[in-house]
Amino acid sequence: MKRILKNRLFWPVLALVALIVINTIARPSFISITVQGGQLYGPLIDILRNSAPLMLVALGMTIVIATRGIDLSVGAVMAVSGAVALTIIEGSSDPNGLGTVLVAIVVGVLVALVLGVWNGFLVAVVGIQPIIATLVLMLAGRGIALLITGGFITTINSEPYKFMAQGYVLGLPFALYVSMAAVVVVALLERRTALGVLTEAVGINPEASRLAGVRSRGIIWGAYAASGLLAGLAGILYSSNIMAADANAAGLYIELDAILAVVLGGTSLMGGKFSLAGTVVGVFTIQTLKSTITFLGVPPAVSPLFLAIVVVIVVLVQSPRLRSVLARASQALRPRNSSPQGGSEVAS
Amino acid sequence: MVPVSDDARPVVEVTGATVRFLAETALDGVDFRMFPGEVHSLMGENGAGKSTLIKGLTGALRLDAGDIVLDGEPVHFGSPADAQRAGIRTVYQEIDLLPNLSVAENILLGREPRRWGAIDWKAMRREAAAVLGELGLDVDPASTLSSHSLAIQQLIAIARAISADVKVLVLDEPTSSLDLDEVAELFRVIRELKERGVAILFVSHFLDQVYEICDRVTVLRGGKLVGEYLTRELLRIDLVQKMLGRSADELVVRPRSEPVESGEEAMLDVRGLGRGRLEGVDLVLAEGEVLGLAGLLGSGRTEVARLLTGIDRPDDGTIALDGVVISPRNPRRAIGYGLTYSSENRRTEGIIGELTVRENITLALQAQRGIFRRMRHSRQKELAASWIEALGIRPSSTEQLAGTLSGGNQQKVLLARLLALAPRILVLDEPTRGIDIGAKVEVQRLVGELADNGMSVVFISAELEEVLRVSSRITLLRDGRAVATLQSDALTVDSLLAMIAQPDDGE
Amino acid sequence: MTGIPVTVERASASGALRRFFSRRASWIPVLAALAILIVMFIGAQAYFGNFLTPRVISSLLLDNAYLLILAVGMTFVILTGGIDLSVGAVMAFTGMLGASLLRDGLPVGVVVPVMLLIGAAMGLAVGIMVQYFDVQPFIASLAAMFAARGLAFMVSLSSIRVEDPAILWLQSTRIQAAPGSWFITPTGILAILVVIVGALLLAYTRFGRTIYAIGGNEQSARLMGLPVVRTKLLAYVVSGVCAGLAGVVFTAYTGASYPLNGIGTELDTIAAVVIGGTLLTGGSGYVLGSMIGVLVYGSIKTVISFLGAEQSWTRITIGALLLLFVVVQRIIVARSSRR
């Protein structure tokens, strides 16, 4: 019991389960899944599908945060990659051709990768604080996206492109496969290789890591590049969902949602130890919360208020001070304290 | 207890001080007192309760039991501010000033002179200059603190401490980053304060300094009081024995094997190394040899170590390994050549505090193997456990977070990280700084053993006695130049000191 | 060996220079920002021929008064090493609340203090989270930003016109400031007053110096017995009050309140403060610098509208300028640490 309570995933999972339970009590249809034409539908499926862009962005954000950094530019990068892809499709003679769409996607994601590499260059090589380095692109990125689309909201008709966000494969949304594939690839890269622990080392103590022979620069650079790439993919999914490149609205505030997802998942913004599983739970929590708010009939515009309340609760629950106060209170209630806990947990 | 010859009553008296952390008793009924105008040293190994007692005395920590009487009045300190108001002021090891503010503010902030409710900058500078003048320091009060050297900053910290009404001044390891001249300057200031009747608590690892400046010593061990002694009546060997609680014979390091004589080919040959103030440094290191680097702080000791191991890049000079010129452009490449470095700054450049001992020990090896050749968990555990055993790291758990270990054990973890690389050359920069005497002796012995097994070691320490004991040859650095290399058998601490202090003829 | 040579050279020119560096190094980034502003003014004048006119320069202050007020508050927070992302949203929320209260017939003498109080309360909430619960400023102010944005929409989903004469007077009055068509509005006077008060607070009060002390080293500031807790809370309150005041000014500027007002303003504010020479790590910077930063921002906007180019260039230029500044700051810091 104690070990479960001490597990870093305990609170995030509890929050998610509680949200699902509350939703189910409020409307039993919440957990119902219907099959129509071999495809699954239902609020839970929607949550899985809609969470895909946030999942991609949050994965990249987790790694960047683990290096003691932050990537504020993800939303702007999303806008750029969507703008690039849609502009290519719009300009092509064959918007429905698979080749055209593939080229558009690849180029869009590559441009995002370049932007990520640029961020990484500023942070790892020039040595600028991550908040500022990525703020540059956060400010300029949307301007660039607007220039690409010529200041308009580019809309297209392209079935293959639409499939990215709205298609189904084997009964499940294609976007879900994309985000799950990203989770698996990132998890394998971080935890089946030594990248994860080296990233944590760099995040906790960059100079000590460098002296130990860790390629700190490369690891930090790579984290931003990965974040850019994943944000680019998220931008493709987003623009495919609305079939438009809206430089102002694409990925607006997603950097904040992603940071929240990471923090909800138990990864400290101070860098170091990170939990990809926690981030996945965090993303689902945020998406479920958003769907709950919509269900409650609250205008979507007011939903940030609820998000803020959740953030405050979660952050306070994680706050060491509140925890120590609670611990002291519970110790005072107990007649004799049990043996001190032994052994610390091992990172996932 | 030694009878007090002065008829004065103590300025501060602590009785029965007890502090418990959960199950552990850090301080157990300790009595402690200080008289006006004396320099008092608090001695003990790490974990003896020194810092706990200091924290209790300066209000940084609340005593669970015990009383503090200041000038005959019982006092209770809820915070450092309380203690400061009462006249107990502290200068910490890490300078706790504000680098971005002016010297004047650093001295007076908190009691700054005001006019019409606003800070009176002119008066502030004037008052600060007066305080600095009392200490014989010529520092521009309007200059930014960070524009001064660490030594000056330390003296400014003392200026701050004495700028108010001060009865007790606590100096916690004030000399650990000062060179000899600067220590002399500090001692001059301490004597001046002593004249004024300030009681000074001087905490230092350096026995020489304790014997030079202190009138009285209080020794703690394992949270308990061992006794209070007059320095002039206490032999060094007795003091060490009281701190360790064991006979001093155990301290003597076993005799080291004869140094490799010439004829043997030099393994590492460094010529004309230079960067910044460092100029034309030549070094030769044979296999299985311990080479000491001696010199004052700022003489280029650390700089040489960092250039050798790829932490910094040299502007000129060559480094040859086995007769082949190599270029260790970064730590990673240097490690590839078998050149490893343990930094003097354990916390900031050594340990990764929130990773486990296992992860810390395997870090460098893993980094060398590359990202895609991850060591299996069981292999990591095995490797870490074997080093924990070999070096006697306590607690002996592989999954303990490294940041929670004591300084000596952290140093051993660092050594284990380097040794796991099976290096050819180990460059140890102040490996025994800030760790207790027991661990110190263990580290020294370990260095000897490693050398016996064929490893070459470059050993840097501010303690000449230690350098002499550990190394077979010593290269003397002065003002960024290697001035001499000598067999250590031919040297004594005094002769080494004389050479270091020798004025530069500027040839 | 009697003492460490700590001689300060006085007479020589190099001594004077060294003295300047040892005393005033933190003003260099501000001077750099000023240089950029002057270069921009001269360049724009040379290119357009009609840029440096009293009307254009006067409007610079008029159009950016709200940003200037926000930047002053942000400077306090950034100097402590924190950050306040909530300022744009709080400005929108107080603006919406004020407009709706005015519509409901409350007198302006009640509404404006309420707006300032709400701003202060939001700032206090952020400060409490940061100070008492060890929440990172980034996250705490993010929560406040979300909350304020949501609250703004709760007041009304659409924009509310403001017809109160006193509020409109703030903006519509043109006070002739100097011969010619130099003019200043009450909003501009307010903004300038905020700058002056901010600068005086920082330079001449213990509160101000403690702000710098916290940014320099919070632990040391605490050990020095400075009121760290209170000061840090107050820094966020100052920022909140400024956001509330900016709500008043922005409402007057647009003549209406809209819940989407000020989206992205927090970034503009941070950019202006950084361009004005304040280090994001805290401890170094000046309100006066932030004012120059705001003027640089405003000039870029004006130049781009003179060019008739798309306003998306504003953000790109600001981004590039921000980059230039942080790279220069980085070089300065690297230089001084290598010494």
# chains A, B, ... in the order shown; residues from 1 in each chain; ligands from 1
call {"tool": "closest_atom_pairs", "arguments": {"of": "chain C", "to": "chain B", "cutoff": "6 Å", "atoms": "only C-alpha atoms", "output": "CSV"}}
result
residue,atom,partner,partner_atom,distance
C:Gly3,CA,B:Glu185,CA,5.5
C:Val6,CA,B:Asp138,CA,5.8
C:Ser22,CA,B:Ser143,CA,5.0
C:Arg23,CA,B:Ser143,CA,4.2
C:Tyr204,CA,B:Ile119,CA,4.9
C:Thr205,CA,B:Ala118,CA,5.4
C:Gly216,CA,B:Leu98,CA,5.4
C:Asn217,CA,B:Leu98,CA,5.9
C:Ser220,CA,B:Asp96,CA,4.7
C:Gly225,CA,B:Ala81,CA,5.0
C:Leu226,CA,B:Gly110,CA,5.9
call {"tool": "write_last_selection", "arguments": {"atoms": "N, CA and C atoms", "output": "PDB file, in the first residue's frame"}}
result
ATOM      1  N   GLY C   3      49.240  42.983   3.156  1.00  0.00           N
ATOM      2  CA  GLY C   3      47.829  43.075   2.777  1.00  0.00           C
ATOM      3  C   GLY C   3      47.656  42.769   1.309  1.00  0.00           C
ATOM      4  N   VAL C   6      44.494  46.131  -3.032  1.00  0.00           N
ATOM      5  CA  VAL C   6      43.124  46.350  -3.491  1.00  0.00           C
ATOM      6  C   VAL C   6      43.007  47.761  -4.020  1.00  0.00           C
ATOM      7  N   SER C  22      33.170  48.589 -12.912  1.00  0.00           N
ATOM      8  CA  SER C  22      32.952  47.942 -11.635  1.00  0.00           C
ATOM      9  C   SER C  22      31.701  48.474 -10.954  1.00  0.00           C
ATOM     10  N   ARG C  23      31.273  49.671 -11.347  1.00  0.00           N
ATOM     11  CA  ARG C  23      30.090  50.236 -10.695  1.00  0.00           C
ATOM     12  C   ARG C  23      28.834  50.083 -11.530  1.00  0.00           C
ATOM     13  N   TYR C 204      15.321  53.442  -4.373  1.00  0.00           N
ATOM     14  CA  TYR C 204      15.455  54.169  -3.108  1.00  0.00           C
ATOM     15  C   TYR C 204      14.731  53.558  -1.927  1.00  0.00           C
ATOM     16  N   THR C 205      14.205  52.385  -2.055  1.00  0.00           N
ATOM     17  CA  THR C 205      13.548  51.789  -0.888  1.00  0.00           C
ATOM     18  C   THR C 205      14.154  50.426  -0.587  1.00  0.00           C
ATOM     19  N   GLY C 216      19.511  38.341  -6.938  1.00  0.00           N
ATOM     20  CA  GLY C 216      20.940  38.030  -6.877  1.00  0.00           C
ATOM     21  C   GLY C 216      21.173  36.685  -6.226  1.00  0.00           C
ATOM     22  N   ASN C 217      20.554  36.468  -5.080  1.00  0.00           N
ATOM     23  CA  ASN C 217      20.687  35.187  -4.394  1.00  0.00           C
ATOM     24  C   ASN C 217      19.676  35.159  -3.260  1.00  0.00           C
ATOM     25  N   SER C 220      20.884  34.051   0.204  1.00  0.00           N
ATOM     26  CA  SER C 220      21.690  35.069   0.882  1.00  0.00           C
ATOM     27  C   SER C 220      20.812  36.192   1.413  1.00  0.00           C
ATOM     28  N   GLY C 225      18.744  38.697   6.534  1.00  0.00           N
ATOM     29  CA  GLY C 225      17.647  39.203   7.331  1.00  0.00           C
ATOM     30  C   GLY C 225      16.715  40.125   6.566  1.00  0.00           C
ATOM     31  N   LEU C 226      16.778  40.075   5.241  1.00  0.00           N
ATOM     32  CA  LEU C 226      15.876  40.913   4.453  1.00  0.00           C
ATOM     33  C   LEU C 226      14.498  40.248   4.385  1.00  0.00           C
TER      34      LEU C 226
END
call {"tool": "interface_residues", "arguments": {"of": "chain A", "to": "chain C", "cutoff": "7 Å", "atoms": "only C-alpha atoms", "output": "number ranges by chain"}}
result
A: 128, 136-137, 139-140, 143, 146, 301-305, 307-308, 311-312, 315-316, 319, 321-322
call {"tool": "write_last_selection", "arguments": {"atoms": "N, CA, C and O atoms", "output": "PDB file, in the first residue's frame"}}
result
ATOM      1  N   ILE A 128      21.917  30.145 -24.606  1.00  0.00           N
ATOM      2  CA  ILE A 128      20.850  31.048 -24.174  1.00  0.00           C
ATOM      3  C   ILE A 128      19.856  30.261 -23.324  1.00  0.00           C
ATOM      4  O   ILE A 128      19.613  29.084 -23.567  1.00  0.00           O
ATOM      5  N   VAL A 136      11.860  33.281 -28.720  1.00  0.00           N
ATOM      6  CA  VAL A 136      12.159  33.938 -29.989  1.00  0.00           C
ATOM      7  C   VAL A 136      11.291  33.344 -31.097  1.00  0.00           C
ATOM      8  O   VAL A 136      10.609  34.055 -31.835  1.00  0.00           O
ATOM      9  N   LEU A 137      11.287  32.020 -31.166  1.00  0.00           N
ATOM     10  CA  LEU A 137      10.537  31.362 -32.227  1.00  0.00           C
ATOM     11  C   LEU A 137       9.038  31.401 -31.945  1.00  0.00           C
ATOM     12  O   LEU A 137       8.221  31.432 -32.852  1.00  0.00           O
ATOM     13  N   LEU A 139       7.506  33.888 -30.713  1.00  0.00           N
ATOM     14  CA  LEU A 139       7.066  35.187 -31.216  1.00  0.00           C
ATOM     15  C   LEU A 139       7.097  35.202 -32.742  1.00  0.00           C
ATOM     16  O   LEU A 139       6.143  35.601 -33.390  1.00  0.00           O
ATOM     17  N   ALA A 140       8.225  34.741 -33.280  1.00  0.00           N
ATOM     18  CA  ALA A 140       8.432  34.910 -34.720  1.00  0.00           C
ATOM     19  C   ALA A 140       7.723  33.822 -35.530  1.00  0.00           C
ATOM     20  O   ALA A 140       7.349  34.051 -36.678  1.00  0.00           O
ATOM     21  N   GLY A 143       4.394  34.551 -37.074  1.00  0.00           N
ATOM     22  CA  GLY A 143       4.586  35.521 -38.140  1.00  0.00           C
ATOM     23  C   GLY A 143       5.051  34.821 -39.410  1.00  0.00           C
ATOM     24  O   GLY A 143       4.547  35.088 -40.510  1.00  0.00           O
ATOM     25  N   LEU A 146       2.216  32.969 -40.968  1.00  0.00           N
ATOM     26  CA  LEU A 146       1.328  33.902 -41.669  1.00  0.00           C
ATOM     27  C   LEU A 146       1.915  34.298 -43.008  1.00  0.00           C
ATOM     28  O   LEU A 146       1.191  34.433 -44.005  1.00  0.00           O
ATOM     29  N   ALA A 301     -14.866  28.820 -24.226  1.00  0.00           N
ATOM     30  CA  ALA A 301     -13.978  29.927 -23.887  1.00  0.00           C
ATOM     31  C   ALA A 301     -13.706  29.999 -22.394  1.00  0.00           C
ATOM     32  O   ALA A 301     -12.649  30.457 -21.959  1.00  0.00           O
ATOM     33  N   VAL A 302     -14.653  29.530 -21.588  1.00  0.00           N
ATOM     34  CA  VAL A 302     -14.477  29.620 -20.135  1.00  0.00           C
ATOM     35  C   VAL A 302     -13.642  28.455 -19.601  1.00  0.00           C
ATOM     36  O   VAL A 302     -13.179  28.464 -18.472  1.00  0.00           O
ATOM     37  N   SER A 303     -13.441  27.441 -20.446  1.00  0.00           N
ATOM     38  CA  SER A 303     -12.773  26.227 -19.977  1.00  0.00           C
ATOM     39  C   SER A 303     -11.393  26.463 -19.357  1.00  0.00           C
ATOM     40  O   SER A 303     -11.009  25.723 -18.456  1.00  0.00           O
ATOM     41  N   PRO A 304     -10.643  27.486 -19.789  1.00  0.00           N
ATOM     42  CA  PRO A 304      -9.360  27.708 -19.127  1.00  0.00           C
ATOM     43  C   PRO A 304      -9.484  27.843 -17.615  1.00  0.00           C
ATOM     44  O   PRO A 304      -8.605  27.423 -16.867  1.00  0.00           O
ATOM     45  N   LEU A 305     -10.611  28.405 -17.171  1.00  0.00           N
ATOM     46  CA  LEU A 305     -10.806  28.588 -15.737  1.00  0.00           C
ATOM     47  C   LEU A 305     -10.735  27.247 -15.016  1.00  0.00           C
ATOM     48  O   LEU A 305     -10.098  27.111 -13.977  1.00  0.00           O
ATOM     49  N   LEU A 307      -9.384  24.488 -16.140  1.00  0.00           N
ATOM     50  CA  LEU A 307      -8.030  23.974 -16.270  1.00  0.00           C
ATOM     51  C   LEU A 307      -7.141  24.586 -15.174  1.00  0.00           C
ATOM     52  O   LEU A 307      -6.338  23.892 -14.543  1.00  0.00           O
ATOM     53  N   ALA A 308      -7.348  25.879 -14.946  1.00  0.00           N
ATOM     54  CA  ALA A 308      -6.551  26.568 -13.930  1.00  0.00           C
ATOM     55  C   ALA A 308      -6.802  25.959 -12.558  1.00  0.00           C
ATOM     56  O   ALA A 308      -5.876  25.740 -11.779  1.00  0.00           O
ATOM     57  N   VAL A 311      -5.024  22.712 -12.316  1.00  0.00           N
ATOM     58  CA  VAL A 311      -3.579  22.928 -12.178  1.00  0.00           C
ATOM     59  C   VAL A 311      -3.240  23.287 -10.741  1.00  0.00           C
ATOM     60  O   VAL A 311      -2.326  22.724 -10.127  1.00  0.00           O
ATOM     61  N   VAL A 312      -4.001  24.212 -10.193  1.00  0.00           N
ATOM     62  CA  VAL A 312      -3.708  24.666  -8.829  1.00  0.00           C
ATOM     63  C   VAL A 312      -3.816  23.487  -7.866  1.00  0.00           C
ATOM     64  O   VAL A 312      -2.940  23.270  -7.026  1.00  0.00           O
ATOM     65  N   VAL A 315      -0.876  21.030  -8.460  1.00  0.00           N
ATOM     66  CA  VAL A 315       0.399  21.606  -8.062  1.00  0.00           C
ATOM     67  C   VAL A 315       0.487  21.695  -6.541  1.00  0.00           C
ATOM     68  O   VAL A 315       1.517  21.425  -5.940  1.00  0.00           O
ATOM     69  N   LEU A 316      -0.621  22.030  -5.917  1.00  0.00           N
ATOM     70  CA  LEU A 316      -0.609  22.120  -4.463  1.00  0.00           C
ATOM     71  C   LEU A 316      -0.435  20.739  -3.845  1.00  0.00           C
ATOM     72  O   LEU A 316       0.276  20.579  -2.861  1.00  0.00           O
ATOM     73  N   SER A 319       3.038  19.924  -3.921  1.00  0.00           N
ATOM     74  CA  SER A 319       3.935  20.842  -3.215  1.00  0.00           C
ATOM     75  C   SER A 319       4.517  20.188  -1.977  1.00  0.00           C
ATOM     76  O   SER A 319       3.808  19.626  -1.158  1.00  0.00           O
ATOM     77  N   ARG A 321       5.680  21.406   0.642  1.00  0.00           N
ATOM     78  CA  ARG A 321       5.291  21.995   1.913  1.00  0.00           C
ATOM     79  C   ARG A 321       3.950  21.435   2.381  1.00  0.00           C
ATOM     80  O   ARG A 321       3.801  21.008   3.522  1.00  0.00           O
ATOM     81  N   LEU A 322       2.985  21.375   1.437  1.00  0.00           N
ATOM     82  CA  LEU A 322       1.685  20.855   1.815  1.00  0.00           C
ATOM     83  C   LEU A 322       1.827  19.404   2.240  1.00  0.00           C
ATOM     84  O   LEU A 322       1.200  18.952   3.189  1.00  0.00           O
TER      85      LEU A 322
END
call {"tool": "residues_around", "arguments": {"residues": "B:Leu355", "least_positions_apart": "3", "cutoff": "9 Å", "atoms": "only C-alpha atoms", "output": "JSON, numbers by chain"}}
result
{"A": [197, 200, 201, 204, 272, 273], "B": [351, 352, 358, 359, 360, 399, 400, 401, 402, 403]}
call {"tool": "write_last_selection", "arguments": {"atoms": "all heavy atoms", "output": "short mmCIF file (atom, residue, chain, number, x, y, z; two decimals), in the first residue's frame"}}
result
data_model
loop_
_atom_site.label_atom_id
_atom_site.label_comp_id
_atom_site.auth_asym_id
_atom_site.auth_seq_id
_atom_site.Cartn_x
_atom_site.Cartn_y
_atom_site.Cartn_z
N VAL A 197 18.81 7.88 -19.18
CA VAL A 197 19.56 8.19 -17.96
C VAL A 197 20.59 9.28 -18.23
O VAL A 197 20.84 10.15 -17.38
CB VAL A 197 20.21 6.92 -17.38
CG1 VAL A 197 21.35 6.44 -18.22
CG2 VAL A 197 20.68 7.18 -15.95
N GLU A 200 18.73 12.48 -18.09
CA GLU A 200 18.47 12.88 -16.70
C GLU A 200 19.72 13.44 -16.05
O GLU A 200 19.67 14.45 -15.34
CB GLU A 200 17.94 11.67 -15.91
CG GLU A 200 16.54 11.29 -16.33
CD GLU A 200 16.02 10.05 -15.63
OE1 GLU A 200 16.81 9.28 -15.07
OE2 GLU A 200 14.80 9.84 -15.67
N ALA A 201 20.85 12.80 -16.33
CA ALA A 201 22.11 13.29 -15.75
C ALA A 201 22.37 14.72 -16.21
O ALA A 201 22.71 15.60 -15.41
CB ALA A 201 23.27 12.38 -16.16
N ILE A 204 20.01 17.15 -14.46
CA ILE A 204 20.26 17.39 -13.04
C ILE A 204 21.53 18.21 -12.86
O ILE A 204 21.56 19.17 -12.10
CB ILE A 204 20.39 16.06 -12.27
CG1 ILE A 204 19.08 15.30 -12.33
CG2 ILE A 204 20.77 16.32 -10.81
CD1 ILE A 204 19.20 13.85 -11.92
N GLY A 272 15.77 16.78 -14.96
CA GLY A 272 16.21 15.54 -14.34
C GLY A 272 15.22 14.41 -14.59
O GLY A 272 14.77 14.21 -15.70
N LYS A 273 14.91 13.70 -13.51
CA LYS A 273 14.06 12.51 -13.62
C LYS A 273 12.77 12.82 -14.38
O LYS A 273 12.09 13.79 -14.08
CB LYS A 273 13.71 12.03 -12.21
CG LYS A 273 14.89 11.50 -11.44
CD LYS A 273 15.08 10.06 -11.78
CE LYS A 273 16.24 9.47 -11.00
NZ LYS A 273 16.57 8.14 -11.50
N ILE B 351 29.16 15.03 -8.48
CA ILE B 351 28.03 14.16 -8.21
C ILE B 351 26.77 14.62 -8.95
O ILE B 351 26.54 15.81 -9.11
CB ILE B 351 27.77 14.19 -6.68
CG1 ILE B 351 28.77 13.31 -5.98
CG2 ILE B 351 26.37 13.79 -6.33
CD1 ILE B 351 28.61 11.86 -6.29
N ILE B 352 25.98 13.67 -9.43
CA ILE B 352 24.65 13.97 -9.94
C ILE B 352 23.70 13.58 -8.81
O ILE B 352 23.32 12.42 -8.68
CB ILE B 352 24.32 13.16 -11.20
CG1 ILE B 352 25.51 13.11 -12.14
CG2 ILE B 352 23.04 13.65 -11.85
CD1 ILE B 352 25.56 14.14 -13.20
N ARG B 358 24.35 3.83 -8.05
CA ARG B 358 24.60 2.97 -9.21
C ARG B 358 24.71 3.80 -10.48
O ARG B 358 25.68 3.67 -11.24
CB ARG B 358 23.44 1.96 -9.36
CG ARG B 358 23.41 1.23 -10.69
CD ARG B 358 22.25 0.24 -10.76
NE ARG B 358 20.95 0.85 -10.52
CZ ARG B 358 20.23 1.48 -11.45
NH1 ARG B 358 20.69 1.60 -12.67
NH2 ARG B 358 19.06 2.02 -11.15
N GLU B 359 23.75 4.68 -10.69
CA GLU B 359 23.77 5.48 -11.92
C GLU B 359 24.97 6.41 -11.95
O GLU B 359 25.56 6.64 -13.00
CB GLU B 359 22.46 6.26 -12.05
CG GLU B 359 21.29 5.39 -12.41
CD GLU B 359 19.95 6.05 -12.20
OE1 GLU B 359 19.79 6.80 -11.21
OE2 GLU B 359 19.04 5.82 -13.00
N ASN B 360 25.34 6.93 -10.78
CA ASN B 360 26.51 7.80 -10.73
C ASN B 360 27.79 7.05 -11.07
O ASN B 360 28.65 7.55 -11.79
CB ASN B 360 26.64 8.43 -9.34
CG ASN B 360 25.98 9.79 -9.28
OD1 ASN B 360 26.52 10.76 -9.77
ND2 ASN B 360 24.79 9.82 -8.71
N GLU B 399 21.12 1.77 -4.64
CA GLU B 399 19.97 2.57 -5.09
C GLU B 399 19.76 3.82 -4.25
O GLU B 399 18.76 4.50 -4.37
CB GLU B 399 18.69 1.71 -5.09
CG GLU B 399 18.79 0.47 -5.96
CD GLU B 399 19.27 0.77 -7.37
OE1 GLU B 399 18.69 1.67 -8.01
OE2 GLU B 399 20.24 0.13 -7.83
N GLN B 400 20.70 4.10 -3.34
CA GLN B 400 20.65 5.34 -2.57
C GLN B 400 20.90 6.52 -3.51
O GLN B 400 21.73 6.41 -4.42
CB GLN B 400 21.75 5.27 -1.51
CG GLN B 400 21.80 6.44 -0.58
CD GLN B 400 20.91 6.22 0.64
OE1 GLN B 400 20.42 5.12 0.85
NE2 GLN B 400 20.69 7.26 1.40
N LEU B 401 20.20 7.64 -3.29
CA LEU B 401 20.49 8.81 -4.10
C LEU B 401 21.85 9.38 -3.67
O LEU B 401 22.12 9.56 -2.48
CB LEU B 401 19.41 9.87 -3.92
CG LEU B 401 18.02 9.49 -4.45
CD1 LEU B 401 17.09 10.69 -4.40
CD2 LEU B 401 18.11 8.97 -5.89
N ALA B 402 22.69 9.66 -4.65
CA ALA B 402 24.06 10.07 -4.34
C ALA B 402 24.11 11.36 -3.54
O ALA B 402 25.01 11.56 -2.73
CB ALA B 402 24.85 10.22 -5.63
N GLY B 403 23.12 12.24 -3.76
CA GLY B 403 23.13 13.52 -3.06
C GLY B 403 22.96 13.38 -1.56
O GLY B 403 23.26 14.30 -0.81
#
call {"tool": "interface_residues", "arguments": {"of": "chain A", "to": "chain B", "cutoff": "6 Å", "atoms": "only C-alpha atoms", "output": "compact mmCIF listing (two decimals) with all heavy atoms, in the first residue's frame"}}
result
# COMPACT_ATOMS: atom_id res chain seq x y z
N THR A 193 17.63 2.41 -24.55
CA THR A 193 19.02 2.81 -24.76
C THR A 193 19.42 3.59 -23.51
O THR A 193 18.63 3.72 -22.58
CB THR A 193 19.18 3.73 -25.99
OG1 THR A 193 18.63 5.00 -25.66
CG2 THR A 193 18.47 3.17 -27.20
N ALA A 194 20.63 4.10 -23.51
CA ALA A 194 21.08 4.84 -22.34
C ALA A 194 20.67 6.31 -22.42
O ALA A 194 20.99 7.09 -21.54
CB ALA A 194 22.59 4.73 -22.20
N LEU A 195 19.94 6.68 -23.48
CA LEU A 195 19.61 8.09 -23.68
C LEU A 195 18.88 8.66 -22.47
O LEU A 195 19.16 9.77 -22.03
CB LEU A 195 18.76 8.24 -24.94
CG LEU A 195 18.47 9.67 -25.38
CD1 LEU A 195 19.76 10.42 -25.62
CD2 LEU A 195 17.62 9.67 -26.63
N ASN A 205 22.58 17.85 -13.57
CA ASN A 205 23.85 18.56 -13.39
C ASN A 205 24.63 18.57 -14.70
O ASN A 205 25.42 17.67 -14.97
CB ASN A 205 24.67 17.89 -12.28
CG ASN A 205 25.85 18.74 -11.86
OD1 ASN A 205 26.32 19.57 -12.62
ND2 ASN A 205 26.31 18.54 -10.64
N GLU A 207 27.13 20.35 -15.92
CA GLU A 207 28.58 20.44 -15.93
C GLU A 207 29.20 19.12 -15.47
O GLU A 207 30.16 18.62 -16.07
CB GLU A 207 29.05 21.61 -15.05
CG GLU A 207 30.54 21.89 -15.07
CD GLU A 207 31.08 22.22 -16.46
OE1 GLU A 207 30.29 22.41 -17.40
OE2 GLU A 207 32.32 22.25 -16.62
N ALA A 208 28.63 18.54 -14.41
CA ALA A 208 29.16 17.27 -13.94
C ALA A 208 29.03 16.21 -15.03
O ALA A 208 29.92 15.37 -15.21
CB ALA A 208 28.42 16.82 -12.69
N LEU A 211 31.77 16.65 -17.58
CA LEU A 211 33.05 16.19 -17.06
C LEU A 211 33.12 14.67 -17.03
O LEU A 211 34.20 14.09 -17.08
CB LEU A 211 33.29 16.76 -15.66
CG LEU A 211 34.17 18.01 -15.61
CD1 LEU A 211 33.58 19.11 -16.47
CD2 LEU A 211 34.36 18.49 -14.19
N ALA A 212 31.95 14.03 -16.92
CA ALA A 212 31.94 12.57 -16.91
C ALA A 212 31.99 12.02 -18.33
O ALA A 212 31.88 10.82 -18.54
CB ALA A 212 30.72 12.05 -16.18
N GLY A 213 32.11 12.91 -19.31
CA GLY A 213 32.23 12.45 -20.68
C GLY A 213 30.91 12.29 -21.41
O GLY A 213 30.87 11.73 -22.50
N VAL A 214 29.83 12.79 -20.81
CA VAL A 214 28.53 12.72 -21.49
C VAL A 214 28.50 13.81 -22.56
O VAL A 214 28.96 14.93 -22.33
CB VAL A 214 27.38 12.94 -20.49
CG1 VAL A 214 26.04 12.88 -21.18
CG2 VAL A 214 27.46 11.92 -19.37
call {"tool": "residues_around", "arguments": {"residues": "stretch 93-109 of chain A", "least_positions_apart": "6", "cutoff": "9 Å", "atoms": "only C-alpha atoms", "output": "ChimeraX atom specification"}}
result
/A:80-87,156-161,228-233,235-236
